[in-house]
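Heads up, coords.txt below (compact mmCIF, C-alpha atoms and all ligand atoms):
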```txt
# COMPACT_ATOMS: atom_id res chain seq x y z
CA MET A 815 97.20 35.98 -17.51
CA GLN A 816 94.81 33.01 -17.55
CA GLN A 817 92.24 33.23 -20.29
CA PRO A 818 88.71 33.69 -18.95
CA ILE A 819 85.65 31.55 -19.49
CA ILE A 820 82.59 33.66 -20.24
CA PHE A 821 79.24 31.93 -19.84
CA VAL A 822 76.56 33.64 -21.94
CA THR A 823 73.09 33.16 -20.53
CA GLY A 824 69.90 35.08 -21.21
CA THR A 825 66.57 36.15 -19.82
CA ASP A 826 64.80 33.67 -22.13
CA THR A 827 65.33 31.57 -25.19
CA ASP A 828 65.55 33.61 -28.41
CA VAL A 829 66.82 36.81 -26.81
CA GLY A 830 69.95 36.83 -28.97
CA LYS A 831 72.46 34.74 -27.00
CA THR A 832 73.93 33.24 -30.16
CA PHE A 833 74.15 36.65 -31.86
CA VAL A 834 75.89 38.11 -28.82
CA SER A 835 78.14 35.05 -28.44
CA THR A 836 79.23 35.48 -32.05
CA LEU A 837 80.04 39.14 -31.44
CA LEU A 838 82.07 38.24 -28.36
CA VAL A 839 83.95 35.47 -30.20
CA TYR A 840 85.10 37.94 -32.84
CA LYS A 841 85.52 40.99 -30.66
CA TRP A 842 87.57 39.14 -28.04
CA GLN A 843 89.22 36.58 -30.32
CA ALA A 844 87.64 33.80 -28.32
CA ASN A 845 86.68 30.19 -28.95
CA TYR A 846 83.13 28.85 -28.57
CA TRP A 847 81.39 25.97 -26.81
CA LYS A 848 77.69 25.13 -26.46
CA PRO A 849 77.61 22.37 -23.83
CA VAL A 850 73.98 21.32 -24.47
CA GLN A 851 72.11 21.83 -27.71
CA THR A 852 68.48 20.82 -28.14
CA GLY A 853 66.29 20.89 -31.24
CA ILE A 854 68.72 19.42 -33.76
CA GLU A 855 65.88 17.58 -35.57
CA SER A 856 64.77 20.94 -36.96
CA ASP A 857 67.78 23.25 -36.58
CA ASP A 858 71.50 23.13 -37.37
CA GLY A 859 72.30 24.24 -33.85
CA ASP A 860 74.08 27.30 -32.49
CA SER A 861 77.60 25.94 -33.05
CA VAL A 862 76.92 25.88 -36.80
CA THR A 863 75.45 29.39 -36.67
CA VAL A 864 78.59 30.71 -34.96
CA SER A 865 80.90 28.79 -37.29
CA LYS A 866 79.17 30.25 -40.36
CA ALA A 867 79.36 33.84 -39.13
CA GLU A 868 81.85 35.98 -40.94
CA CYS A 869 82.49 39.23 -39.18
CA GLY A 870 85.10 40.42 -41.61
CA LEU A 871 87.53 40.24 -38.72
CA PRO A 872 90.80 38.29 -38.82
CA TRP A 873 89.95 35.54 -36.35
CA LYS A 874 89.14 31.87 -36.85
CA PRO A 875 87.52 30.53 -33.68
CA GLU A 876 87.77 26.98 -32.48
CA ILE A 877 84.21 25.63 -32.12
CA TYR A 878 84.07 22.81 -29.56
CA SER A 879 81.33 20.21 -30.00
CA PRO A 880 78.41 20.10 -27.57
CA ARG A 881 78.63 17.46 -24.84
CA TYR A 882 74.96 16.67 -25.49
CA GLU A 883 72.80 17.18 -28.55
CA LEU A 884 69.13 16.33 -28.31
CA LEU A 885 66.56 16.13 -31.08
CA LYS A 886 63.53 17.94 -29.68
CA PRO A 887 63.44 21.76 -29.40
CA LEU A 888 62.70 21.63 -25.68
CA SER A 889 64.48 22.07 -22.39
CA PRO A 890 67.20 19.41 -22.09
CA TYR A 891 65.21 17.84 -19.22
CA LYS A 892 62.10 17.42 -21.36
CA ALA A 893 63.99 16.54 -24.56
CA MET A 894 65.43 13.52 -22.71
CA ASP A 895 61.89 12.04 -22.47
CA TYR A 896 62.18 11.37 -26.22
CA GLU A 897 65.67 9.86 -25.91
CA PRO A 898 65.53 7.73 -22.77
CA GLU A 899 69.07 6.44 -23.33
CA VAL A 900 70.44 9.93 -22.67
CA ASP A 901 71.06 10.84 -19.05
CA ILE A 902 72.62 14.27 -18.63
CA ARG A 903 74.66 14.66 -15.46
CA LEU A 904 76.47 17.73 -14.22
CA SER A 905 79.60 15.64 -13.71
CA ASP A 906 79.73 14.97 -17.48
CA PHE A 907 80.67 18.54 -18.31
CA GLU A 908 84.32 19.46 -18.61
CA ILE A 909 85.70 22.63 -20.14
CA PRO A 910 87.17 21.47 -23.49
CA LYS A 911 90.79 20.49 -23.23
CA GLY A 912 93.23 22.75 -25.03
CA SER A 913 90.83 25.71 -24.85
CA ASP A 914 92.97 27.71 -22.44
CA SER A 915 95.07 29.71 -24.89
CA SER A 916 92.16 32.07 -25.69
CA PRO A 917 89.03 33.25 -23.93
CA LEU A 918 86.19 30.71 -24.18
CA ILE A 919 82.58 31.74 -24.80
CA VAL A 920 80.19 29.14 -23.35
CA GLU A 921 76.57 29.48 -24.43
CA GLY A 922 73.75 28.11 -22.29
CA ALA A 923 70.40 26.78 -23.53
CA GLY A 924 67.48 29.09 -22.74
CA GLY A 925 67.58 31.03 -19.48
CA VAL A 926 69.05 30.38 -16.03
CA PHE A 927 66.25 28.20 -14.65
CA VAL A 928 65.98 25.86 -17.63
CA PRO A 929 65.83 22.28 -16.31
CA LEU A 930 68.86 20.29 -17.39
CA THR A 931 69.18 16.95 -15.58
CA ARG A 932 66.71 14.24 -14.53
CA ASN A 933 67.02 15.34 -10.93
CA LEU A 934 66.00 18.88 -11.89
CA GLU A 935 69.36 20.59 -11.78
CA THR A 936 69.29 23.70 -13.92
CA MET A 937 71.49 25.84 -16.14
CA THR A 938 72.48 27.73 -13.00
CA ASP A 939 73.75 24.52 -11.45
CA LEU A 940 75.84 23.93 -14.56
CA MET A 941 77.28 27.45 -14.26
CA ARG A 942 78.08 26.86 -10.60
CA LYS A 943 79.72 23.54 -11.38
CA LEU A 944 81.85 25.01 -14.17
CA ALA A 945 82.76 28.02 -12.02
CA GLU A 946 83.87 25.86 -9.09
CA LYS A 947 86.11 23.63 -11.15
CA GLN A 948 88.10 26.36 -12.81
CA ASP A 949 91.38 27.95 -12.08
CA ARG A 950 90.53 30.28 -14.98
CA PRO A 951 88.41 33.39 -14.29
CA PHE A 952 84.73 32.47 -14.79
CA LYS A 953 82.35 35.27 -15.78
CA ILE A 954 78.65 35.35 -16.60
CA ILE A 955 77.02 37.66 -19.13
CA VAL A 956 73.22 37.99 -19.21
CA VAL A 957 71.73 38.83 -22.60
CA THR A 958 68.48 40.75 -22.27
CA ARG A 959 65.90 42.20 -24.60
CA SER A 960 65.73 45.97 -24.71
CA GLY A 961 61.96 46.40 -24.78
CA LEU A 962 58.90 46.14 -22.58
CA GLY A 963 58.99 43.15 -20.23
CA THR A 964 62.74 43.10 -19.87
CA LEU A 965 62.85 44.74 -16.42
CA ASN A 966 61.08 41.86 -14.74
CA HIS A 967 63.00 39.17 -16.67
CA THR A 968 66.39 40.79 -16.20
CA LEU A 969 66.05 41.63 -12.52
CA LEU A 970 64.71 38.13 -11.77
CA THR A 971 67.62 36.54 -13.64
CA ILE A 972 70.24 38.62 -11.86
CA SER A 973 68.59 38.08 -8.48
CA HIS A 974 68.52 34.32 -9.07
CA LEU A 975 72.22 34.22 -10.01
CA GLN A 976 73.09 36.25 -6.93
CA ASN A 977 71.05 33.99 -4.65
CA ALA A 978 72.72 30.96 -6.21
CA GLY A 979 76.10 32.18 -5.00
CA LEU A 980 77.28 33.47 -8.36
CA ARG A 981 77.27 37.20 -7.53
CA GLU A 982 81.01 37.65 -7.89
CA HIS A 983 80.95 35.95 -11.31
CA ILE A 984 78.36 38.25 -12.89
CA MET A 985 80.18 40.42 -15.39
CA GLY A 986 77.13 42.34 -16.56
CA VAL A 987 74.35 42.63 -19.06
CA ILE A 988 74.30 43.01 -22.83
CA VAL A 989 71.09 44.59 -24.05
CA ASN A 990 69.93 43.39 -27.46
CA GLY A 991 67.44 45.16 -29.71
CA GLU A 992 66.24 48.64 -30.55
CA ARG A 993 67.84 51.12 -28.15
CA ASN A 994 65.78 51.76 -25.02
CA PRO A 995 67.58 54.28 -22.79
CA ASP A 996 64.81 54.25 -20.16
CA ASN A 997 65.18 50.53 -19.53
CA VAL A 998 68.96 50.79 -19.51
CA GLN A 999 68.67 53.56 -16.90
CA VAL A 1000 66.50 51.33 -14.70
CA PHE A 1001 69.11 48.55 -14.95
CA LYS A 1002 71.72 51.05 -13.82
CA ASP A 1003 69.49 52.27 -10.97
CA TYR A 1004 69.51 48.66 -9.72
CA GLY A 1005 73.30 48.61 -9.93
CA LEU A 1006 73.64 46.41 -13.01
CA LYS A 1007 76.66 46.85 -15.21
CA ILE A 1008 75.72 47.42 -18.85
CA LEU A 1009 78.54 45.97 -20.95
CA ALA A 1010 77.06 46.87 -24.31
CA GLU A 1011 73.91 47.70 -26.21
CA VAL A 1012 73.65 45.96 -29.56
CA ASP A 1013 70.92 45.58 -32.12
CA LYS A 1014 70.13 42.22 -33.64
CA SER A 1015 69.32 43.94 -36.91
CA GLU A 1016 72.86 45.26 -37.26
CA SER A 1017 75.56 43.35 -39.06
CA ALA A 1018 77.76 41.40 -36.69
CA ALA A 1019 80.85 43.32 -37.78
CA ALA A 1020 79.17 46.66 -37.04
CA ALA A 1021 77.77 45.47 -33.73
CA THR A 1022 81.14 44.31 -32.41
CA LYS A 1023 82.11 47.99 -32.27
CA PHE A 1024 79.76 48.54 -29.33
CA ILE A 1025 81.52 45.95 -27.19
CA PRO A 1026 84.54 47.23 -25.26
CA PRO A 1027 87.78 45.25 -25.10
CA LEU A 1028 87.72 42.26 -22.76
CA CYS A 1029 90.69 43.47 -20.71
CA GLN A 1030 88.53 46.35 -19.47
CA PHE A 1031 86.39 43.91 -17.48
CA LEU A 1032 89.06 41.67 -16.07
CA LYS A 1033 91.21 44.02 -14.06
C1 LIG B 1101 65.35 24.85 -28.71
C2 LIG B 1101 66.53 25.65 -28.27
N1 LIG B 1101 67.72 24.86 -28.29
C3 LIG B 1101 68.57 25.26 -27.36
O1 LIG B 1101 69.73 24.81 -27.25
N2 LIG B 1101 67.95 26.16 -26.58
C4 LIG B 1101 66.55 26.26 -26.89
C5 LIG B 1101 65.70 25.53 -25.84
C6 LIG B 1101 65.39 26.42 -24.69
C7 LIG B 1101 64.55 25.72 -23.67
C8 LIG B 1101 63.68 26.68 -22.93
C9 LIG B 1101 62.78 26.01 -21.95
C10 LIG B 1101 61.90 26.98 -21.18
O2 LIG B 1101 62.40 27.93 -20.57
O3 LIG B 1101 60.65 26.83 -21.23
```
Have the structure of the file written as structure tokens, please.
Amino acid sequence: MQQPIIFVTGTDTDVGKTFVSTLLVYKWQANYWKPVQTGIESDDGDSVTVSKAECGLPWKPEIYSPRYELLKPLSPYKAMDYEPEVDIRLSDFEIPKGSDSSPLIVEGAGGVFVPLTRNLETMTDLMRKLAEKQDRPFKIIVVTRSGLGTLNHTLLTISHLQNAGLREHIMGVIVNGERNPDNVQVFKDYGLKILAEVDKSESAAAATKFIPPLCQFLK
């Protein structure tokens, strides 16, 4: 079977995409790629965070370097104002060569409508571009917060992905934070698939237990 590409997006920045990506890397014995990283003047970046994680699980992921790294902790579109020599284009992004022997976790920057290129293409356009070019299965996971405010953010995000032609690629939602069964029930009422509920305060090794095996989703 071809190894899938799983794009991890979220309802916002700081909802736990990197935490969830780390869990998926270890749970599914996957490699990791962050195509665009911003904010490296003040932060090591998510690739370093994932590479430093030790889940106590026998897996050593390959961490592929970002295609673009920008200094300012802003959307890629706005961060380019401070580095005029950088010109992000959708055509610059290629799935890393040699990454096809394992699943690949691809982590976005911010949420689905984050502006990426000078002509206002967004993270969703990047997902669509990567999905179109693949012969590998391409799946999208939306990381959401568990608490108040998440219904609006999550339903908007899913609706946007569906309207952008990515409906068939949406694998489901991973809910991060203190358990909130009422919100999870509302997601289900709207037909969303809940892949896992994890809590950012748990250790990564413990939290991987809540995530089912990948094969369950790829039948
Ligand atoms: C600084 C962080 N670095 C990164 O790679 N993602 C964050 C940036 C998210 C941009 C969110 C823009 C917005 O939605 O307002």
- Counting all atoms listed in the file, which residues come within 9 Å of (82.0, 18.2, -19.6), with the point read in the file's coordinates, and could you list them as a PyMOL selection string? chain A and resi 849+880-881+904-910+944
Distance table requested - chain A against ligand LIG 1101 (chain B), cut-off 6 Å, all atoms listed in the file: one row per qualifying residue with the closest atom pair and its distance in Å to one decimal, ordered by chain and rising residue number, as CSV.
```
residue,atom,partner,partner_atom,distance
A:Thr827,CA,B:LIG1101,C6,5.2
A:Gln851,CA,B:LIG1101,O1,3.8
A:Thr852,CA,B:LIG1101,N1,4.1
A:Gly853,CA,B:LIG1101,C1,4.8
A:Pro887,CA,B:LIG1101,C1,3.7
A:Leu888,CA,B:LIG1101,C7,4.9
A:Ser889,CA,B:LIG1101,C7,3.9
A:Ala923,CA,B:LIG1101,N2,4.0
A:Gly924,CA,B:LIG1101,C6,3.9
A:Val928,CA,B:LIG1101,O2,5.1
```
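Minimum distance to Lys1002 (chain A) across A:Thr936, A:Asn845, A:Ser1017, A:Thr968 (counting all atoms listed in the file) occurs at A:Thr968.
Candidate residues A:Ser915, A:Glu868, A:Asp939, A:Thr863 were compared for distance to Asn977 (chain A), and the nearest is A:Asp939, using only C-alpha atoms.
If all atoms listed in the file are the atoms counted, then among A:Ser916, A:Ser1015, A:Thr825, A:Gln948 the closest residue to Leu1028 (chain A) is A:Ser916.
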- Message: Give me the residues near Glu935 (chain A) as a PyMOL selection string, where near means some atom within 10 Å (using all atoms listed in the file) and where sequence neighbours in that chain fewer than 6 positions away do not count.
- Response: chain A and resi 891+902-904+927-929
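Atom to atom, CA of Val989 (chain A) and CA of Cys1029 (chain A) stand 19.9 Å apart.
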- Task: Quick one: pull the distance between CA of Phe1024 (chain A) and CA of Lys841 (chain A), Å, one decimal.
- Result: 9.6 Å
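Of the residues under consideration (A:Glu921, A:Glu1011, A:Asp914, A:Glu982), A:Glu1011 shows the shortest atom-to-atom contact distance to Lys1023 (chain A) when counting only C-alpha atoms.
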- Leaving out Asn994 (chain A) and any residue of its chain fewer than 4 positions from it, which residues lie within 12 Å of it when counting all atoms listed in the file, given as a PyMOL selection string? chain A and resi 958-965+989-990+998-1001+1011-1013
- Message: List as number ranges by chain the protein and nucleic acid residues near Gly922 (chain A), meaning an atom at most 8 Å away when all atoms listed in the file are counted, but skip any in the same chain fewer than 4 places from it.
- Response: A: 821-823, 848-850, 937
With 8 Å as the cut-off and all atoms listed in the file counted, what is the closest atom pair between each nearby residue of region 870-958 of chain A and region 854-859 of chain A? Distances in Å to one decimal, ordered by chain and number, as CSV.
```
residue,atom,partner,partner_atom,distance
A:Glu883,CA,A:Ile854,CA,7.0
A:Leu884,CA,A:Ile854,CA,6.3
A:Leu885,CA,A:Ile854,CA,4.8
A:Lys886,CA,A:Glu855,CA,6.4
A:Pro887,CA,A:Ile854,CA,7.2
```
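Between CA of Ile919 (chain A) and CA of Asp901 (chain A) lies a distance of 24.5 Å.
Minimum atom-to-atom distance to Trp873 (chain A), evaluated using all atoms listed in the file, belongs to A:Val839 out of A:Arg950, A:Val839, A:Asp826, A:Ala1019.
Candidate residues A:Thr938, A:Thr836, A:Gln843, A:Ser879 were compared for distance to Arg981 (chain A), and the nearest is A:Thr938, using all atoms listed in the file.
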- Write out as number ranges by chain each polymer residue whose atoms come within 9 Å of Gly986 (chain A), counting all atoms listed in the file; drop sequence neighbours fewer than 2 positions from it. A: 953-957, 984, 988, 1006-1010
